[in-house]
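Here is the file entry.txt (compact mmCIF, C-alpha atoms).
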# COMPACT_ATOMS: atom_id res chain seq x y z
CA MET A 30 -25.04 37.97 -23.00
CA MET A 31 -21.75 37.39 -21.20
CA HIS A 32 -23.59 35.48 -18.49
CA ARG A 33 -25.16 33.12 -21.04
CA ARG A 34 -21.82 32.57 -22.75
CA TYR A 35 -20.22 31.81 -19.40
CA GLN A 36 -22.94 29.29 -18.57
CA SER A 37 -22.57 27.70 -21.99
CA GLY A 38 -18.83 27.41 -21.45
CA ILE A 39 -19.31 25.79 -18.06
CA TYR A 40 -21.79 23.27 -19.47
CA SER A 41 -19.34 22.43 -22.27
CA LEU A 42 -16.55 21.82 -19.76
CA ILE A 43 -18.83 19.60 -17.69
CA ALA A 44 -19.75 17.58 -20.79
CA VAL A 45 -16.08 17.13 -21.69
CA TYR A 46 -15.26 16.12 -18.13
CA MET A 47 -18.03 13.52 -18.05
CA ALA A 48 -16.92 12.12 -21.39
CA LEU A 49 -13.37 11.80 -20.09
CA MET A 50 -14.58 10.05 -16.95
CA VAL A 51 -16.47 7.51 -19.04
CA ALA A 52 -13.44 7.00 -21.28
CA CYS A 53 -11.17 6.42 -18.26
CA SER A 54 -13.52 3.89 -16.68
CA LEU A 55 -13.94 1.44 -19.53
CA THR A 56 -15.50 -1.58 -17.80
CA VAL A 57 -16.98 -4.77 -19.22
CA GLY A 58 -18.36 -7.86 -17.59
CA LEU A 59 -16.15 -10.94 -17.52
CA PRO A 60 -17.52 -14.40 -16.71
CA LYS A 61 -16.71 -15.50 -13.18
CA LEU A 62 -13.84 -17.98 -13.14
CA GLU A 63 -14.38 -21.34 -11.49
CA ARG A 64 -11.57 -22.77 -9.36
CA ASP A 65 -10.53 -25.26 -12.04
CA ASP A 66 -10.67 -22.77 -14.93
CA VAL A 67 -7.46 -22.09 -16.86
CA VAL A 68 -6.17 -18.60 -17.59
CA LEU A 69 -3.87 -18.24 -20.60
CA ALA A 70 -1.26 -15.46 -20.56
CA PHE A 71 -0.40 -15.02 -24.23
CA GLY A 72 2.31 -12.67 -25.44
CA ASP A 73 5.98 -11.93 -25.98
CA SER A 74 8.96 -11.49 -23.63
CA ILE A 75 6.89 -9.39 -21.20
CA THR A 76 4.64 -12.40 -20.69
CA PHE A 77 7.55 -14.86 -20.74
CA GLY A 78 9.21 -12.90 -17.94
CA THR A 79 12.52 -11.84 -19.47
CA GLY A 80 14.52 -9.99 -16.84
CA ALA A 81 13.37 -12.08 -13.88
CA ALA A 82 13.30 -15.68 -12.68
CA PRO A 83 10.48 -17.90 -14.03
CA GLN A 84 8.61 -17.83 -10.73
CA GLU A 85 8.76 -14.02 -10.82
CA SER A 86 7.07 -13.60 -14.21
CA TYR A 87 3.72 -11.84 -14.16
CA PRO A 88 1.76 -15.04 -15.04
CA ALA A 89 3.42 -16.93 -12.17
CA VAL A 90 2.67 -14.14 -9.70
CA LEU A 91 -0.89 -13.75 -11.04
CA GLU A 92 -1.50 -17.47 -10.51
CA LYS A 93 -0.71 -17.07 -6.81
CA ILE A 94 -2.89 -13.98 -6.48
CA ILE A 95 -6.03 -15.33 -8.13
CA GLY A 96 -5.79 -18.99 -7.12
CA ARG A 97 -6.28 -20.34 -10.65
CA ARG A 98 -3.85 -22.04 -13.02
CA VAL A 99 -2.22 -19.46 -15.28
CA VAL A 100 -0.40 -20.85 -18.32
CA ASN A 101 2.60 -18.79 -19.45
CA ALA A 102 2.49 -18.76 -23.26
CA GLY A 103 5.01 -15.97 -23.79
CA VAL A 104 7.54 -16.13 -26.64
CA PRO A 105 10.40 -13.59 -26.49
CA GLY A 106 10.74 -11.46 -29.62
CA GLU A 107 7.35 -12.39 -31.03
CA ILE A 108 5.46 -9.91 -33.20
CA THR A 109 1.69 -9.86 -33.61
CA ALA A 110 1.80 -11.81 -36.88
CA GLY A 111 3.63 -14.64 -35.12
CA GLY A 112 1.19 -14.55 -32.25
CA LEU A 113 -1.75 -14.75 -34.61
CA ALA A 114 -0.25 -17.81 -36.32
CA ARG A 115 0.53 -19.50 -32.99
CA LEU A 116 -2.67 -18.77 -31.08
CA PRO A 117 -5.10 -21.40 -32.51
CA LYS A 118 -2.99 -24.37 -31.40
CA VAL A 119 -2.44 -22.89 -27.95
CA LEU A 120 -6.18 -22.31 -27.51
CA GLU A 121 -6.93 -25.85 -28.62
CA ARG A 122 -4.32 -27.30 -26.24
CA GLU A 123 -5.09 -25.28 -23.11
CA LYS A 124 -8.83 -24.63 -23.51
CA PRO A 125 -8.69 -21.48 -21.35
CA ALA A 126 -11.67 -19.73 -19.82
CA LEU A 127 -9.82 -16.41 -20.01
CA VAL A 128 -7.00 -15.20 -22.26
CA ILE A 129 -4.77 -12.25 -21.43
CA ILE A 130 -3.24 -10.87 -24.64
CA CYS A 131 -0.10 -8.73 -24.35
CA LEU A 132 1.41 -8.30 -27.80
CA GLY A 133 2.45 -5.46 -30.08
CA GLY A 134 5.52 -4.15 -28.28
CA ASN A 135 7.94 -5.76 -30.73
CA ASP A 136 5.98 -4.44 -33.71
CA LEU A 137 6.36 -0.95 -32.25
CA LEU A 138 10.07 -1.39 -31.47
CA ARG A 139 10.74 -2.50 -35.06
CA GLY A 140 8.77 0.36 -36.59
CA MET A 141 6.27 -1.99 -38.18
CA SER A 142 2.79 -0.96 -39.28
CA LYS A 143 0.59 -0.01 -36.31
CA LYS A 144 -2.50 -0.69 -38.42
CA GLN A 145 -1.32 -4.21 -39.18
CA ALA A 146 -0.47 -4.81 -35.53
CA ALA A 147 -3.92 -3.62 -34.50
CA ASP A 148 -5.59 -5.80 -37.14
CA ASN A 149 -3.60 -8.83 -35.95
CA ILE A 150 -4.66 -8.23 -32.36
CA ARG A 151 -8.29 -7.85 -33.43
CA GLU A 152 -8.10 -11.20 -35.21
CA MET A 153 -6.54 -12.82 -32.13
CA VAL A 154 -9.42 -11.49 -30.06
CA ARG A 155 -11.96 -12.83 -32.57
CA LEU A 156 -10.35 -16.27 -32.58
CA THR A 157 -10.30 -16.35 -28.80
CA ILE A 158 -13.95 -15.36 -28.47
CA GLN A 159 -14.95 -17.90 -31.13
CA GLN A 160 -13.33 -20.58 -28.98
CA GLY A 161 -15.54 -19.50 -26.07
CA SER A 162 -12.89 -17.70 -24.02
CA ALA A 163 -13.08 -14.23 -22.49
CA VAL A 164 -10.33 -11.70 -23.24
CA VAL A 165 -8.29 -9.20 -21.25
CA LEU A 166 -6.05 -6.89 -23.26
CA ILE A 167 -2.78 -5.38 -21.98
CA GLY A 168 -1.56 -2.33 -23.90
CA ALA A 169 2.11 -1.82 -24.77
CA PRO A 170 3.49 1.72 -24.58
CA ALA A 171 4.14 3.83 -27.66
CA LEU A 172 7.73 4.70 -28.49
CA GLY A 173 9.01 8.03 -27.19
CA LEU A 174 10.15 9.75 -24.04
CA SER A 175 6.68 9.76 -22.48
CA LEU A 176 6.07 5.99 -22.89
CA SER A 177 2.38 6.82 -23.16
CA PRO A 178 -0.06 3.98 -23.90
CA GLU A 179 -0.43 3.20 -27.61
CA PRO A 180 -3.94 4.47 -28.57
CA PHE A 181 -4.96 1.54 -30.75
CA TYR A 182 -5.32 -0.73 -27.72
CA ARG A 183 -8.12 1.44 -26.32
CA GLU A 184 -9.72 1.62 -29.77
CA ILE A 185 -9.75 -2.18 -29.97
CA ALA A 186 -11.07 -2.53 -26.42
CA GLU A 187 -13.91 -0.09 -27.01
CA GLU A 188 -14.77 -1.61 -30.38
CA MET A 189 -14.75 -5.22 -29.14
CA HIS A 190 -15.96 -4.57 -25.56
CA LEU A 191 -12.82 -5.83 -23.83
CA ALA A 192 -11.39 -5.33 -20.36
CA LEU A 193 -8.23 -3.25 -20.88
CA GLU A 194 -5.13 -2.64 -18.77
CA GLU A 195 -3.47 0.18 -20.69
CA LYS A 196 -1.37 2.22 -18.25
CA THR A 197 0.51 -0.03 -15.83
CA LEU A 198 3.11 -1.34 -18.27
CA SER A 199 3.89 2.22 -19.37
CA GLU A 200 4.28 3.27 -15.74
CA ILE A 201 6.58 0.32 -15.01
CA LEU A 202 8.85 1.03 -17.98
CA ALA A 203 9.07 4.69 -16.97
CA ASP A 204 10.43 3.74 -13.52
CA ARG A 205 14.07 2.60 -13.37
CA THR A 206 13.49 0.78 -10.08
CA LEU A 207 10.97 -1.52 -11.78
CA LYS A 208 13.07 -2.42 -14.85
CA ALA A 209 15.68 -5.08 -15.58
CA ASP A 210 16.70 -3.30 -18.79
CA LEU A 211 15.32 -0.69 -21.19
CA ILE A 212 12.30 -2.72 -22.28
CA HIS A 213 11.72 -5.39 -19.62
CA PRO A 214 10.43 -5.19 -16.04
CA ASN A 215 12.30 -6.75 -13.14
CA ALA A 216 10.67 -8.95 -10.51
CA ALA A 217 9.11 -5.95 -8.78
CA GLY A 218 7.79 -4.65 -12.10
CA TYR A 219 6.24 -7.98 -13.01
CA ARG A 220 4.58 -8.14 -9.60
CA ARG A 221 3.14 -4.67 -10.20
CA LEU A 222 1.74 -5.83 -13.57
CA ALA A 223 0.27 -9.00 -12.07
CA GLU A 224 -1.40 -7.00 -9.31
CA ALA A 225 -2.89 -4.58 -11.84
CA VAL A 226 -4.27 -7.43 -13.95
CA ALA A 227 -5.76 -9.06 -10.84
CA VAL A 228 -7.45 -5.78 -9.89
CA LEU A 229 -8.86 -5.49 -13.42
CA MET A 230 -10.16 -9.06 -13.29
CA LYS A 231 -11.84 -8.41 -9.95
CA LYS A 232 -13.31 -5.10 -11.14
CA ASN A 233 -14.85 -6.87 -14.13
CA GLY A 234 -16.26 -9.82 -12.17
CA ALA A 235 -13.84 -12.62 -13.11
CA ILE A 236 -12.73 -13.14 -9.50
CA GLU A 237 -14.01 -12.10 -6.09
Re-express the file's structure as structure tokens.
Amino acid sequence: MMHRRYQSGIYSLIAVYMALMVACSLTVGLPKLERDDVVLAFGDSITFGTGAAPQESYPAVLEKIIGRRVVNAGVPGEITAGGLARLPKVLEREKPALVIICLGGNDLLRGMSKKQAADNIREMVRLTIQQGSAVVLIGAPALGLSLSPEPFYREIAEEMHLALEEKTLSEILADRTLKADLIHPNAAGYRRLAEAVAVLMKKNGAIE
């Protein structure tokens, strides 16, 4: 009897482990970017590059890494509601093949509704896909000492089949050597974020 229970316990642990491995390797296919395709980096001050020179922002560094034009559409202080209102005109103007959305951090800092922030991000994703663009989502960390990734980003990514970079920004903001201030990376931090996004794009087939 003990032997059977032991086996059952082992099988349960294996099942949990496999489920965790699947959850940690969320991968979707992205369309391969042509050389003249435009990538839109859409977000708040993290996208804008507050805390570093313009050429050191993550979109500027990403452009050099991937060899495609990356438009920096970051607005410092923006919340998800503002991003949702702004996005349609930016999509129409830039006609991007791929949009990287990094919003929600200001909603969290201001103690605003997480549900509303998540709903706004979902709607931004829907609008982007309707315009024929692929989406990469960058998760902002939850408030607290651990700076762990906010769970709703993974929920959105799984629900809408998105490529997700959910850990790097949290890791950057937990490292004093990678920060310009409490909530913004420095040049080294932005480079780390750009490199992580480039790896994600390559993993999902957008670049070689």
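When all atoms listed in the file are used to compute distances to Gly103 of chain A, the closest of the residues A:Phe71, A:Ala216, A:Glu123, A:Val90 turns out to be A:Phe71.
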Neighbours of point (-7.5, -18.5, -6.2) within 12 Å, using only C-alpha atoms, written as a list in words: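 The residues that fall inside the cut-off are Lys61, Leu62, Glu63, Arg64, Asp65, Asp66, Val67, Val68, Val90, Leu91, Glu92, Lys93, Ile94, Ile95, Gly96, Arg97, Arg98, Val99, Ala227, Lys231, Ala235, Ile236 and Glu237 of chain A.
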Exercise on segment 217-230 of chain A, axis-aligned box with 6 Å per side, report centre and edge lengths in Å to one decimal, as AutoDock Vina command-line options:
--center_x -0.5 --center_y -6.8 --center_z -11.4 --size_x 31.3 --size_y 16.5 --size_z 17.2
- Expressed in Å to a single decimal, how great is the separation between atom CA of Leu211 of chain A and atom CA of Lys143 of chain A?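 Between atom CA of Leu211 of chain A and atom CA of Lys143 of chain A the gap is 21.1 Å.
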Best match for closeness to Val164 of chain A among A:Lys196, A:His190, A:Arg220, A:Lys144, counting all atoms listed in the file =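 Comparing A:Lys196, A:His190, A:Arg220, A:Lys144 against Val164 of chain A, the winner is A:His190.
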If you count all atoms listed in the file, the residue of A:Ala82, A:Val57, A:Ile130, A:Ile167 closest to Met153 of chain A turns out to be A:Ile130
Of A:Thr109, A:Ser162, A:Asn215, A:Ser199, the one nearest to Ala147 of chain A when counting only C-alpha atoms is A:Thr109
Any chance you could build segment 178-191 of chain A out to N, CA and C atoms and write it as a short mmCIF file (atom, residue, chain, number, x, y, z; two decimals), in the frame of the given file?
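Below is the file that was written, rebuild.cif:
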data_model
loop_
_atom_site.label_atom_id
_atom_site.label_comp_id
_atom_site.auth_asym_id
_atom_site.auth_seq_id
_atom_site.Cartn_x
_atom_site.Cartn_y
_atom_site.Cartn_z
N PRO A 178 0.59 5.15 -23.33
CA PRO A 178 -0.06 3.98 -23.90
C PRO A 178 -0.36 4.17 -25.40
N GLU A 179 -0.13 3.14 -26.18
CA GLU A 179 -0.43 3.20 -27.61
C GLU A 179 -1.96 3.25 -27.79
N PRO A 180 -2.49 4.27 -28.48
CA PRO A 180 -3.94 4.47 -28.57
C PRO A 180 -4.73 3.32 -29.18
N PHE A 181 -4.12 2.53 -30.07
CA PHE A 181 -4.96 1.54 -30.75
C PHE A 181 -5.46 0.44 -29.80
N TYR A 182 -4.82 0.26 -28.67
CA TYR A 182 -5.32 -0.73 -27.72
C TYR A 182 -6.69 -0.31 -27.17
N ARG A 183 -6.83 0.95 -26.81
CA ARG A 183 -8.12 1.44 -26.32
C ARG A 183 -9.17 1.37 -27.43
N GLU A 184 -8.78 1.69 -28.66
CA GLU A 184 -9.72 1.62 -29.77
C GLU A 184 -10.24 0.20 -29.94
N ILE A 185 -9.34 -0.78 -29.85
CA ILE A 185 -9.75 -2.18 -29.97
C ILE A 185 -10.66 -2.58 -28.81
N ALA A 186 -10.28 -2.17 -27.60
CA ALA A 186 -11.07 -2.53 -26.42
C ALA A 186 -12.47 -1.96 -26.48
N GLU A 187 -12.59 -0.71 -26.91
CA GLU A 187 -13.91 -0.09 -27.01
C GLU A 187 -14.73 -0.74 -28.12
N GLU A 188 -14.08 -1.02 -29.23
CA GLU A 188 -14.77 -1.61 -30.38
C GLU A 188 -15.26 -3.02 -30.09
N MET A 189 -14.44 -3.80 -29.34
CA MET A 189 -14.75 -5.22 -29.14
C MET A 189 -15.20 -5.52 -27.70
N HIS A 190 -15.42 -4.45 -26.92
CA HIS A 190 -15.96 -4.57 -25.56
C HIS A 190 -15.07 -5.46 -24.68
N LEU A 191 -13.80 -5.06 -24.57
CA LEU A 191 -12.82 -5.83 -23.83
C LEU A 191 -12.40 -5.12 -22.55
#
